[in-house]
>>> print(open('model.pdb').read())   # PDB, C-alpha atoms and all ligand atoms
ATOM      1  CA  MET J   1      14.378 -34.748  -5.520  1.00  0.00           C
ATOM      2  CA  ALA J   2      14.274 -38.175  -3.911  1.00  0.00           C
ATOM      3  CA  ASP J   3      14.421 -36.796  -0.349  1.00  0.00           C
ATOM      4  CA  PHE J   4      12.069 -33.858  -0.935  1.00  0.00           C
ATOM      5  CA  LYS J   5       9.357 -33.749   1.716  1.00  0.00           C
ATOM      6  CA  PRO J   6       6.672 -31.229   0.814  1.00  0.00           C
ATOM      7  CA  ARG J   7       5.571 -28.694   3.394  1.00  0.00           C
ATOM      8  CA  ILE J   8       1.876 -28.039   3.074  1.00  0.00           C
ATOM      9  CA  VAL J   9      -0.219 -25.656   5.142  1.00  0.00           C
ATOM     10  CA  ALA J  10      -3.983 -26.183   5.339  1.00  0.00           C
ATOM     11  CA  PHE J  11      -6.350 -23.446   6.492  1.00  0.00           C
ATOM     12  CA  LEU J  12      -9.491 -25.294   7.534  1.00  0.00           C
ATOM     13  CA  CYS J  13     -12.778 -23.918   8.769  1.00  0.00           C
ATOM     14  CA  ASN J  14     -13.667 -24.950  12.282  1.00  0.00           C
ATOM     15  CA  TRP J  15     -17.116 -26.285  11.491  1.00  0.00           C
ATOM     16  CA  CYS J  16     -16.610 -28.680   8.605  1.00  0.00           C
ATOM     17  CA  SER J  17     -13.171 -29.224   7.092  1.00  0.00           C
ATOM     18  CA  TYR J  18     -11.308 -29.186  10.386  1.00  0.00           C
ATOM     19  CA  ALA J  19     -13.814 -31.651  11.821  1.00  0.00           C
ATOM     20  CA  GLY J  20     -13.405 -33.799   8.681  1.00  0.00           C
ATOM     21  CA  ALA J  21      -9.624 -33.801   9.119  1.00  0.00           C
ATOM     22  CA  ASP J  22     -10.110 -34.640  12.791  1.00  0.00           C
ATOM     23  CA  LEU J  23     -12.391 -37.528  11.838  1.00  0.00           C
ATOM     24  CA  ALA J  24      -9.740 -38.844   9.431  1.00  0.00           C
ATOM     25  CA  GLY J  25      -7.301 -38.810  12.340  1.00  0.00           C
ATOM     26  CA  THR J  26      -9.567 -40.377  14.944  1.00  0.00           C
ATOM     27  CA  THR J  27     -10.758 -43.111  12.585  1.00  0.00           C
ATOM     28  CA  ARG J  28      -7.165 -43.717  11.491  1.00  0.00           C
ATOM     29  CA  VAL J  29      -7.732 -43.179   7.799  1.00  0.00           C
ATOM     30  CA  LYS J  30      -4.298 -43.594   6.263  1.00  0.00           C
ATOM     31  CA  HIS J  31      -2.865 -40.433   4.717  1.00  0.00           C
ATOM     32  CA  ARG J  32       0.422 -38.598   4.599  1.00  0.00           C
ATOM     33  CA  ALA J  33       1.537 -36.408   7.477  1.00  0.00           C
ATOM     34  CA  ASP J  34       3.056 -33.554   5.450  1.00  0.00           C
ATOM     35  CA  VAL J  35       0.190 -31.144   6.164  1.00  0.00           C
ATOM     36  CA  ARG J  36       0.190 -28.575   8.975  1.00  0.00           C
ATOM     37  CA  ILE J  37      -3.335 -27.482   9.841  1.00  0.00           C
ATOM     38  CA  VAL J  38      -4.374 -23.980  10.881  1.00  0.00           C
ATOM     39  CA  ARG J  39      -7.939 -23.840  12.183  1.00  0.00           C
ATOM     40  CA  VAL J  40      -9.903 -20.749  11.194  1.00  0.00           C
ATOM     41  CA  PRO J  41     -13.487 -19.829  12.133  1.00  0.00           C
ATOM     42  CA  CYS J  42     -14.617 -19.867   8.493  1.00  0.00           C
ATOM     43  CA  SER J  43     -12.841 -20.320   5.155  1.00  0.00           C
ATOM     44  CA  GLY J  44     -13.986 -16.779   4.395  1.00  0.00           C
ATOM     45  CA  ARG J  45     -11.497 -15.626   7.029  1.00  0.00           C
ATOM     46  CA  VAL J  46      -8.596 -16.803   4.873  1.00  0.00           C
ATOM     47  CA  ASP J  47      -7.213 -13.675   3.341  1.00  0.00           C
ATOM     48  CA  VAL J  48      -4.912 -13.661   0.319  1.00  0.00           C
ATOM     49  CA  SER J  49      -2.128 -12.518   2.646  1.00  0.00           C
ATOM     50  CA  PHE J  50      -2.500 -15.723   4.738  1.00  0.00           C
ATOM     51  CA  VAL J  51      -1.757 -17.842   1.691  1.00  0.00           C
ATOM     52  CA  MET J  52       1.094 -15.654   0.438  1.00  0.00           C
ATOM     53  CA  LYS J  53       2.639 -15.533   3.915  1.00  0.00           C
ATOM     54  CA  ALA J  54       2.525 -19.321   4.108  1.00  0.00           C
ATOM     55  CA  PHE J  55       4.332 -19.546   0.768  1.00  0.00           C
ATOM     56  CA  GLU J  56       6.825 -16.892   1.826  1.00  0.00           C
ATOM     57  CA  ARG J  57       7.575 -18.754   5.068  1.00  0.00           C
ATOM     58  CA  GLY J  58       8.400 -21.964   3.245  1.00  0.00           C
ATOM     59  CA  ALA J  59       5.182 -23.788   2.362  1.00  0.00           C
ATOM     60  CA  ASP J  60       5.360 -25.641  -0.938  1.00  0.00           C
ATOM     61  CA  GLY J  61       1.588 -25.937  -1.123  1.00  0.00           C
ATOM     62  CA  VAL J  62      -1.514 -24.552   0.565  1.00  0.00           C
ATOM     63  CA  ILE J  63      -4.960 -26.069   1.020  1.00  0.00           C
ATOM     64  CA  VAL J  64      -7.960 -23.924   1.897  1.00  0.00           C
ATOM     65  CA  GLY J  65     -10.898 -25.979   3.138  1.00  0.00           C
ATOM     66  CA  GLY J  66     -14.405 -24.970   4.035  1.00  0.00           C
ATOM     67  CA  CYS J  67     -17.970 -26.170   4.318  1.00  0.00           C
ATOM     68  CA  HIS J  68     -19.767 -27.241   1.174  1.00  0.00           C
ATOM     69  CA  PRO J  69     -21.412 -24.377  -0.735  1.00  0.00           C
ATOM     70  CA  GLY J  70     -24.713 -23.586   0.948  1.00  0.00           C
ATOM     71  CA  ASN J  71     -23.569 -24.991   4.317  1.00  0.00           C
ATOM     72  CA  CYS J  72     -21.303 -22.205   5.609  1.00  0.00           C
ATOM     73  CA  HIS J  73     -22.123 -21.371   9.221  1.00  0.00           C
ATOM     74  CA  TYR J  74     -21.704 -17.719   8.327  1.00  0.00           C
ATOM     75  CA  VAL J  75     -23.939 -18.136   5.260  1.00  0.00           C
ATOM     76  CA  THR J  76     -21.708 -16.747   2.500  1.00  0.00           C
ATOM     77  CA  GLY J  77     -18.130 -17.132   3.778  1.00  0.00           C
ATOM     78  CA  ASN J  78     -17.273 -19.982   1.441  1.00  0.00           C
ATOM     79  CA  TYR J  79     -18.706 -18.137  -1.569  1.00  0.00           C
ATOM     80  CA  THR J  80     -16.259 -15.345  -0.773  1.00  0.00           C
ATOM     81  CA  THR J  81     -13.502 -17.947  -0.474  1.00  0.00           C
ATOM     82  CA  ARG J  82     -14.368 -19.479  -3.820  1.00  0.00           C
ATOM     83  CA  ARG J  83     -14.128 -16.134  -5.618  1.00  0.00           C
ATOM     84  CA  ARG J  84     -11.051 -14.980  -3.690  1.00  0.00           C
ATOM     85  CA  MET J  85      -9.074 -18.176  -4.246  1.00  0.00           C
ATOM     86  CA  PHE J  86     -10.044 -18.301  -7.919  1.00  0.00           C
ATOM     87  CA  VAL J  87      -8.510 -14.847  -8.369  1.00  0.00           C
ATOM     88  CA  LEU J  88      -5.473 -15.768  -6.275  1.00  0.00           C
ATOM     89  CA  ARG J  89      -4.813 -18.841  -8.400  1.00  0.00           C
ATOM     90  CA  GLU J  90      -4.880 -16.636 -11.493  1.00  0.00           C
ATOM     91  CA  LEU J  91      -2.483 -14.240  -9.790  1.00  0.00           C
ATOM     92  CA  LEU J  92      -0.110 -17.064  -8.860  1.00  0.00           C
ATOM     93  CA  GLY J  93       0.027 -18.086 -12.506  1.00  0.00           C
ATOM     94  CA  PHE J  94       0.747 -14.472 -13.460  1.00  0.00           C
ATOM     95  CA  MET J  95       3.672 -14.469 -10.996  1.00  0.00           C
ATOM     96  CA  GLY J  96       5.053 -17.666 -12.522  1.00  0.00           C
ATOM     97  CA  ILE J  97       3.986 -19.884  -9.613  1.00  0.00           C
ATOM     98  CA  GLU J  98       2.091 -23.046 -10.450  1.00  0.00           C
ATOM     99  CA  PRO J  99      -1.589 -22.430  -9.479  1.00  0.00           C
ATOM    100  CA  GLU J 100      -1.899 -26.101  -8.469  1.00  0.00           C
ATOM    101  CA  ARG J 101       0.120 -25.243  -5.388  1.00  0.00           C
ATOM    102  CA  LEU J 102      -3.086 -23.743  -4.021  1.00  0.00           C
ATOM    103  CA  GLN J 103      -5.925 -26.218  -3.559  1.00  0.00           C
ATOM    104  CA  VAL J 104      -9.438 -25.332  -2.461  1.00  0.00           C
ATOM    105  CA  THR J 105     -11.737 -28.014  -1.114  1.00  0.00           C
ATOM    106  CA  TRP J 106     -15.140 -28.380   0.482  1.00  0.00           C
ATOM    107  CA  CYS J 107     -15.216 -31.105   3.078  1.00  0.00           C
ATOM    108  CA  SER J 108     -17.875 -31.804   5.704  1.00  0.00           C
ATOM    109  CA  ALA J 109     -17.371 -33.069   9.242  1.00  0.00           C
ATOM    110  CA  SER J 110     -18.362 -36.581   8.123  1.00  0.00           C
ATOM    111  CA  GLU J 111     -15.936 -36.727   5.206  1.00  0.00           C
ATOM    112  CA  GLY J 112     -12.740 -37.989   6.780  1.00  0.00           C
ATOM    113  CA  ASP J 113     -12.113 -40.177   3.724  1.00  0.00           C
ATOM    114  CA  LYS J 114     -12.447 -37.198   1.433  1.00  0.00           C
ATOM    115  CA  TRP J 115      -9.978 -35.214   3.524  1.00  0.00           C
ATOM    116  CA  ALA J 116      -7.465 -38.071   3.272  1.00  0.00           C
ATOM    117  CA  GLU J 117      -7.892 -38.083  -0.524  1.00  0.00           C
ATOM    118  CA  VAL J 118      -7.344 -34.311  -0.693  1.00  0.00           C
ATOM    119  CA  VAL J 119      -4.153 -34.675   1.348  1.00  0.00           C
ATOM    120  CA  GLU J 120      -2.849 -37.495  -0.853  1.00  0.00           C
ATOM    121  CA  ASP J 121      -3.695 -35.665  -4.087  1.00  0.00           C
ATOM    122  CA  THR J 122      -2.118 -32.428  -2.893  1.00  0.00           C
ATOM    123  CA  CYS J 123       1.031 -34.176  -1.643  1.00  0.00           C
ATOM    124  CA  ASN J 124       1.382 -36.006  -4.969  1.00  0.00           C
ATOM    125  CA  THR J 125       0.938 -32.744  -6.877  1.00  0.00           C
ATOM    126  CA  ILE J 126       3.568 -30.978  -4.779  1.00  0.00           C
ATOM    127  CA  ASP J 127       5.917 -33.984  -5.074  1.00  0.00           C
ATOM    128  CA  ARG J 128       5.648 -33.592  -8.848  1.00  0.00           C
ATOM    129  CA  LEU J 129       6.165 -29.794  -8.775  1.00  0.00           C
ATOM    130  CA  GLY J 130       9.052 -29.863  -6.290  1.00  0.00           C
ATOM    131  CA  PRO J 131      10.003 -27.229  -3.730  1.00  0.00           C
ATOM    132  CA  LEU J 132       8.812 -23.642  -4.072  1.00  0.00           C
ATOM    133  CA  THR J 133      11.511 -21.005  -3.799  1.00  0.00           C
ATOM    134  CA  LYS J 134      10.088 -18.372  -6.097  1.00  0.00           C
ATOM    135  CA  VAL J 135       7.924 -16.500  -3.546  1.00  0.00           C
ATOM    136  CA  LYS J 136      10.835 -15.948  -1.207  1.00  0.00           C
ATOM    137  CA  ASP J 137      12.950 -14.671  -4.104  1.00  0.00           C
ATOM    138  CA  LEU J 138      10.122 -12.402  -5.256  1.00  0.00           C
ATOM    139  CA  THR J 139       9.502 -10.885  -1.829  1.00  0.00           C
ATOM    140  CA  GLU J 140      13.225 -10.383  -1.167  1.00  0.00           C
ATOM    141  CA  ASN J 141      13.579  -8.614  -4.517  1.00  0.00           C
ATOM    142  CA  LEU J 142      10.568  -6.418  -3.765  1.00  0.00           C
ATOM    143  CA  ARG J 143      11.945  -5.541  -0.326  1.00  0.00           C
ATOM    144  CA  SER J 144      15.366  -4.606  -1.672  1.00  0.00           C
ATOM    145  CA  GLU J 145      13.761  -2.562  -4.467  1.00  0.00           C
ATOM    146  CA  ALA J 146      11.547  -0.810  -1.906  1.00  0.00           C
ATOM    147  CA  LYS J 147      14.625   0.147   0.134  1.00  0.00           C
ATOM    148  CA  GLU J 148      16.178   1.723  -2.957  1.00  0.00           C
ATOM    149  CA  ILE J 149      13.133   3.903  -3.585  1.00  0.00           C
ATOM    150  CA  LYS J 150      13.681   7.156  -1.766  1.00  0.00           C
ATOM    151  CA  PRO J 151      10.671   9.254  -0.807  1.00  0.00           C
ATOM    152  CA  SER J 152      10.286  12.301  -3.018  1.00  0.00           C
ATOM    153  CA  GLY J 153      11.584  15.542  -1.520  1.00  0.00           C
ATOM    154  CA  SER J 154      14.423  13.903   0.391  1.00  0.00           C
TER
HETATM  155 FE1  LIG I 201     -17.144 -23.337   7.131  1.00  0.00          FE
HETATM  156 FE2  LIG I 201     -17.788 -20.791   6.546  1.00  0.00          FE
HETATM  157  S1  LIG I 201     -18.067 -21.838   8.403  1.00  0.00           S
HETATM  158  S2  LIG I 201     -16.763 -22.227   5.322  1.00  0.00           S
END
>>> encode(input="model.pdb", output="structure tokens", more="lines below")
Ligand code: FES
Amino acid sequence: MADFKPRIVAFLCNWCSYAGADLAGTTRVKHRADVRIVRVPCSGRVDVSFVMKAFERGADGVIVGGCHPGNCHYVTGNYTTRRRMFVLRELLGFMGIEPERLQVTWCSASEGDKWAEVVEDTCNTIDRLGPLTKVKDLTENLRSEAKEIKPSGS
């Protein structure tokens, strides 16, 4: 896997994590460029389907970033995220997908260095795990099985 370049999607809340990532960029903190950022209003907006869709469309890893607990601009959005992503990580393991492919982080607007560390750590983890093909296989199998199921009465 010498030429494997991980594809990582990061869903970052507008108010903290996105600003932290922006700070890392504007202050030229060195970090890898394998992460594609999607800005969301709050980490609580990141539904399970967002993460699964990212995996299905070819992401090898996903980062969900929000404000530190207690600092969410919508008060409890990141608490929802914490619970939701904890369950999703368990579910990934149940499906045979390494839970480490999903990282959750709290990063403030002043933590550009922290964002760079998260990117490096996640990229190193995904380098070690290699490409993810399982989700695509799983969803294709489910789709073909769903086509075979005929509605009752027909
Ligand atoms: Fe940042 Fe809710 S606004 S996590």
>>> residues_near_ligand(input="model.pdb", ligand="ligand LIG 201 (chain I)", cutoff="9 Å", atoms="only C-alpha atoms and all ligand atoms", output="MDAnalysis selection string")
chainID J and resid 12:18 40:45 65:69 71:79 81 106:108
>>> resolve_selection(input="model.pdb", expression="the PyMOL selection byres (((chain J and resi 83-86) around 10) and not hetatm)", output="list in words")
Gly44, Val46, Asp47, Val48, Val51, Val64, Asn78, Tyr79, Thr80, Thr81, Arg82, Val87, Leu88, Arg89, Glu90, Leu91, Pro99, Leu102, Gln103 and Val104 of chain J
>>> closest_residue(input="model.pdb", among="J:Val135, J:Arg101, J:Val35, J:Gly130", to="Asp3 in chain J", atoms="only C-alpha atoms")
J:Gly130
>>> atom_distance(input="model.pdb", atom1="CA of Ser110 in chain J", atom2="CA of Val9 in chain J")
21.4 Å
>>> resolve_selection(input="model.pdb", expression="the PyMOL selection byres (((chain J and resi 57) around 12) and not hetatm)", output="list in words")
Arg7, Ile8, Val9, Ser49, Phe50, Val51, Met52, Lys53, Ala54, Phe55, Glu56, Gly58, Ala59, Asp60, Gly61, Val62, Leu132, Thr133, Lys134, Val135, Lys136, Asp137, Thr139 and Glu140 of chain J
>>> atom_distance(input="model.pdb", atom1="CA of Phe11 in chain J", atom2="CA of Leu142 in chain J")
26.1 Å
>>> residues_around(input="model.pdb", residues="Trp115 in chain J", least_positions_apart="5", cutoff="9 Å", atoms="all atoms listed in the file", output="list in words")
Ser17, Gly20, Ala21, Leu23, Ala24, His31, Thr105, Cys107, Ser108 and Glu120 of chain J
>>> write_last_selection(input="model.pdb", atoms="C-alpha atoms", output="compact mmCIF listing (two decimals), keeping the file's coordinate frame")
# COMPACT_ATOMS: atom_id res chain seq x y z
CA SER J 17 -13.17 -29.22 7.09
CA GLY J 20 -13.40 -33.80 8.68
CA ALA J 21 -9.62 -33.80 9.12
CA LEU J 23 -12.39 -37.53 11.84
CA ALA J 24 -9.74 -38.84 9.43
CA HIS J 31 -2.86 -40.43 4.72
CA THR J 105 -11.74 -28.01 -1.11
CA CYS J 107 -15.22 -31.10 3.08
CA SER J 108 -17.88 -31.80 5.70
CA GLU J 120 -2.85 -37.49 -0.85
>>> closest_residue(input="model.pdb", among="J:Leu138, J:Ala10, J:Ile97, J:Leu129", to="Asp34 in chain J", atoms="only C-alpha atoms")
J:Ala10
>>> atom_distance(input="model.pdb", atom1="CA of Asp127 in chain J", atom2="CA of Lys114 in chain J")
19.7 Å
>>> closest_residue(input="model.pdb", among="J:Ile149, J:Asn141, J:Glu117, J:Pro131", to="Arg32 in chain J", atoms="only C-alpha atoms")
J:Glu117
>>> closest_residue(input="model.pdb", among="J:Val29, J:Val119, J:Met95, J:Ile126", to="Lys5 in chain J", atoms="all atoms listed in the file")
J:Ile126
>>> axis_aligned_box(input="model.pdb", around="range 98-107 of chain J", padding_each_side="8 Å", output="AutoDock Vina command-line options")
--center_x -6.6 --center_y -26.8 --center_z -3.7 --size_x 33.3 --size_y 24.7 --size_z 29.5
>>> decode(input="model.pdb", residues="range 3-20 of chain J", atoms="N, CA, C and O atoms", output="PDB file, in the first residue's frame")
ATOM      1  N   ASP J   3       1.484   3.416  -2.341  1.00  0.00           N
ATOM      2  CA  ASP J   3       0.912   4.625  -2.954  1.00  0.00           C
ATOM      3  C   ASP J   3      -0.521   4.898  -2.500  1.00  0.00           C
ATOM      4  O   ASP J   3      -1.240   5.616  -3.162  1.00  0.00           O
ATOM      5  N   PHE J   4      -0.933   4.327  -1.395  1.00  0.00           N
ATOM      6  CA  PHE J   4      -2.274   4.607  -0.868  1.00  0.00           C
ATOM      7  C   PHE J   4      -2.330   6.009  -0.276  1.00  0.00           C
ATOM      8  O   PHE J   4      -1.537   6.374   0.568  1.00  0.00           O
ATOM      9  N   LYS J   5      -3.265   6.807  -0.794  1.00  0.00           N
ATOM     10  CA  LYS J   5      -3.494   8.143  -0.234  1.00  0.00           C
ATOM     11  C   LYS J   5      -4.881   8.134   0.388  1.00  0.00           C
ATOM     12  O   LYS J   5      -5.875   7.984  -0.327  1.00  0.00           O
ATOM     13  N   PRO J   6      -4.973   8.267   1.688  1.00  0.00           N
ATOM     14  CA  PRO J   6      -6.287   8.182   2.329  1.00  0.00           C
ATOM     15  C   PRO J   6      -7.194   9.339   1.924  1.00  0.00           C
ATOM     16  O   PRO J   6      -6.720  10.462   1.701  1.00  0.00           O
ATOM     17  N   ARG J   7      -8.477   9.028   1.809  1.00  0.00           N
ATOM     18  CA  ARG J   7      -9.469  10.077   1.570  1.00  0.00           C
ATOM     19  C   ARG J   7     -10.261  10.240   2.863  1.00  0.00           C
ATOM     20  O   ARG J   7     -10.909   9.300   3.313  1.00  0.00           O
ATOM     21  N   ILE J   8     -10.175  11.416   3.419  1.00  0.00           N
ATOM     22  CA  ILE J   8     -10.812  11.665   4.711  1.00  0.00           C
ATOM     23  C   ILE J   8     -11.752  12.850   4.579  1.00  0.00           C
ATOM     24  O   ILE J   8     -11.391  13.885   4.018  1.00  0.00           O
ATOM     25  N   VAL J   9     -12.970  12.676   5.077  1.00  0.00           N
ATOM     26  CA  VAL J   9     -13.956  13.749   5.063  1.00  0.00           C
ATOM     27  C   VAL J   9     -14.124  14.239   6.496  1.00  0.00           C
ATOM     28  O   VAL J   9     -14.261  13.426   7.422  1.00  0.00           O
ATOM     29  N   ALA J  10     -14.095  15.553   6.681  1.00  0.00           N
ATOM     30  CA  ALA J  10     -14.289  16.122   8.021  1.00  0.00           C
ATOM     31  C   ALA J  10     -15.532  17.005   8.023  1.00  0.00           C
ATOM     32  O   ALA J  10     -15.636  17.925   7.209  1.00  0.00           O
ATOM     33  N   PHE J  11     -16.466  16.689   8.899  1.00  0.00           N
ATOM     34  CA  PHE J  11     -17.641  17.535   9.111  1.00  0.00           C
ATOM     35  C   PHE J  11     -17.333  18.416  10.319  1.00  0.00           C
ATOM     36  O   PHE J  11     -17.195  17.909  11.439  1.00  0.00           O
ATOM     37  N   LEU J  12     -17.181  19.709  10.066  1.00  0.00           N
ATOM     38  CA  LEU J  12     -16.752  20.610  11.140  1.00  0.00           C
ATOM     39  C   LEU J  12     -17.784  21.692  11.402  1.00  0.00           C
ATOM     40  O   LEU J  12     -18.292  22.321  10.459  1.00  0.00           O
ATOM     41  N   CYS J  13     -18.038  21.946  12.667  1.00  0.00           N
ATOM     42  CA  CYS J  13     -19.016  22.985  12.999  1.00  0.00           C
ATOM     43  C   CYS J  13     -18.435  24.359  12.665  1.00  0.00           C
ATOM     44  O   CYS J  13     -17.233  24.601  12.807  1.00  0.00           O
ATOM     45  N   ASN J  14     -19.305  25.198  12.194  1.00  0.00           N
ATOM     46  CA  ASN J  14     -18.934  26.527  11.716  1.00  0.00           C
ATOM     47  C   ASN J  14     -18.219  27.368  12.764  1.00  0.00           C
ATOM     48  O   ASN J  14     -17.284  28.097  12.464  1.00  0.00           O
ATOM     49  N   TRP J  15     -18.637  27.223  14.021  1.00  0.00           N
ATOM     50  CA  TRP J  15     -18.227  28.186  15.041  1.00  0.00           C
ATOM     51  C   TRP J  15     -16.880  27.897  15.674  1.00  0.00           C
ATOM     52  O   TRP J  15     -16.196  28.818  16.110  1.00  0.00           O
ATOM     53  N   CYS J  16     -16.502  26.655  15.765  1.00  0.00           N
ATOM     54  CA  CYS J  16     -15.242  26.336  16.452  1.00  0.00           C
ATOM     55  C   CYS J  16     -14.285  25.534  15.581  1.00  0.00           C
ATOM     56  O   CYS J  16     -13.241  26.025  15.185  1.00  0.00           O
ATOM     57  N   SER J  17     -14.641  24.302  15.279  1.00  0.00           N
ATOM     58  CA  SER J  17     -13.685  23.419  14.587  1.00  0.00           C
ATOM     59  C   SER J  17     -13.310  23.940  13.209  1.00  0.00           C
ATOM     60  O   SER J  17     -12.140  23.891  12.816  1.00  0.00           O
ATOM     61  N   TYR J  18     -14.313  24.444  12.482  1.00  0.00           N
ATOM     62  CA  TYR J  18     -13.999  24.969  11.149  1.00  0.00           C
ATOM     63  C   TYR J  18     -13.049  26.157  11.275  1.00  0.00           C
ATOM     64  O   TYR J  18     -12.074  26.282  10.519  1.00  0.00           O
ATOM     65  N   ALA J  19     -13.334  27.013  12.253  1.00  0.00           N
ATOM     66  CA  ALA J  19     -12.466  28.182  12.468  1.00  0.00           C
ATOM     67  C   ALA J  19     -11.074  27.739  12.899  1.00  0.00           C
ATOM     68  O   ALA J  19     -10.067  28.342  12.508  1.00  0.00           O
ATOM     69  N   GLY J  20     -10.989  26.660  13.689  1.00  0.00           N
ATOM     70  CA  GLY J  20      -9.686  26.116  14.094  1.00  0.00           C
ATOM     71  C   GLY J  20      -8.907  25.602  12.884  1.00  0.00           C
ATOM     72  O   GLY J  20      -7.704  25.834  12.759  1.00  0.00           O
TER      73      GLY J  20
END
